[in-house]
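**Student:** For reference, the structure I am asking about is given below.
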Amino acid sequence: MTNLERLRPDTTVKPHTLNVITDADRVRDLLAEVDVLLCAADGVPPRQVVSHLARRAGKTAVLACVLENGGIGEVIRLRPQPDAGCLACRRDALFESDGLRPEPTLDGEYGTGTIHRPMTAVGADLHLVGQFAAKVAVATMLERLGHPDQVLGGEHAVLALRPQPSWSPPFDVRRLGEAKWLPGTAPIAGCPTCEGP
């Protein structure tokens, strides 16, 4: 019995030891059973795959990560709506507006990327971003059920963990703990995730 099941006897946990990249076909089969996907994986490729799988399954995905050597927390909600772009579309729109490209390998093939760098975020910051992402996932479900107090301030949150005012917008958060909300972006023409079959 898991800790969650001890706390909530009405909850059942079904663990799946799967890699979202190498086992994408098996993960895809599980998506019919979920309401929201929450991805807090380390690395660009898992976020790419979750973005793609969620879009194709018609599910909302919440992506959590820590960027810039632990300086910025980021939580992105990707909804499967015609006017909402996937992760790649969001990153391209950000870069085109002279923003920071936080994941330079985003356009690489799945499973490739830069040389591994050790985790530089402290545990408390990782917990903060993870808890924030969990709240975004729960708020997404509650908003869908009609709870007006669970509407988020946007689709993309930037959290200041170790702020550097010299960073390009929207990552130029100035005070520790500051959260900046950004709107979603539209799909980019020709995107294989947003316009695929």
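In the structure tokens, the first chain shown is A, the next is B, and so on; residue numbers restart at 1 for each chain, and ligands run from 1 in the order shown.
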Residues of stretch 119-177 of chain A within 6 Å of stretch 73-84 of chain A: nearest atom pair and distance (Å, one decimal) for each, counting only C-alpha atoms, sorted by chain and number, as CSV?
**Tutor:**
residue,atom,partner,partner_atom,distance
A:Val129,CA,A:Gly73,CA,6.0
A:Ala133,CA,A:Val75,CA,5.9
A:Glu155,CA,A:Arg77,CA,5.1
A:His156,CA,A:Ile76,CA,4.4
A:Ala157,CA,A:Val75,CA,5.1
A:Val158,CA,A:Glu74,CA,4.7
A:Leu159,CA,A:Gly73,CA,4.7
**Student:** For A:Asp35, which of A:Gln131, A:Asn69, A:Thr60, A:Asn3 is the closest residue, counting only C-alpha atoms?
**Tutor:**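 Looking only at the distances to A:Asp35, the closest residue turns out to be A:Thr60.
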**Student:** Leaving out A:Lys59 and any residue of its chain fewer than 5 positions from it, which residues lie within 12 Å of it when counting only C-alpha atoms, given as number ranges by chain?
**Tutor:** A: 28, 30-38, 50-54, 77-81, 86, 137, 140-141
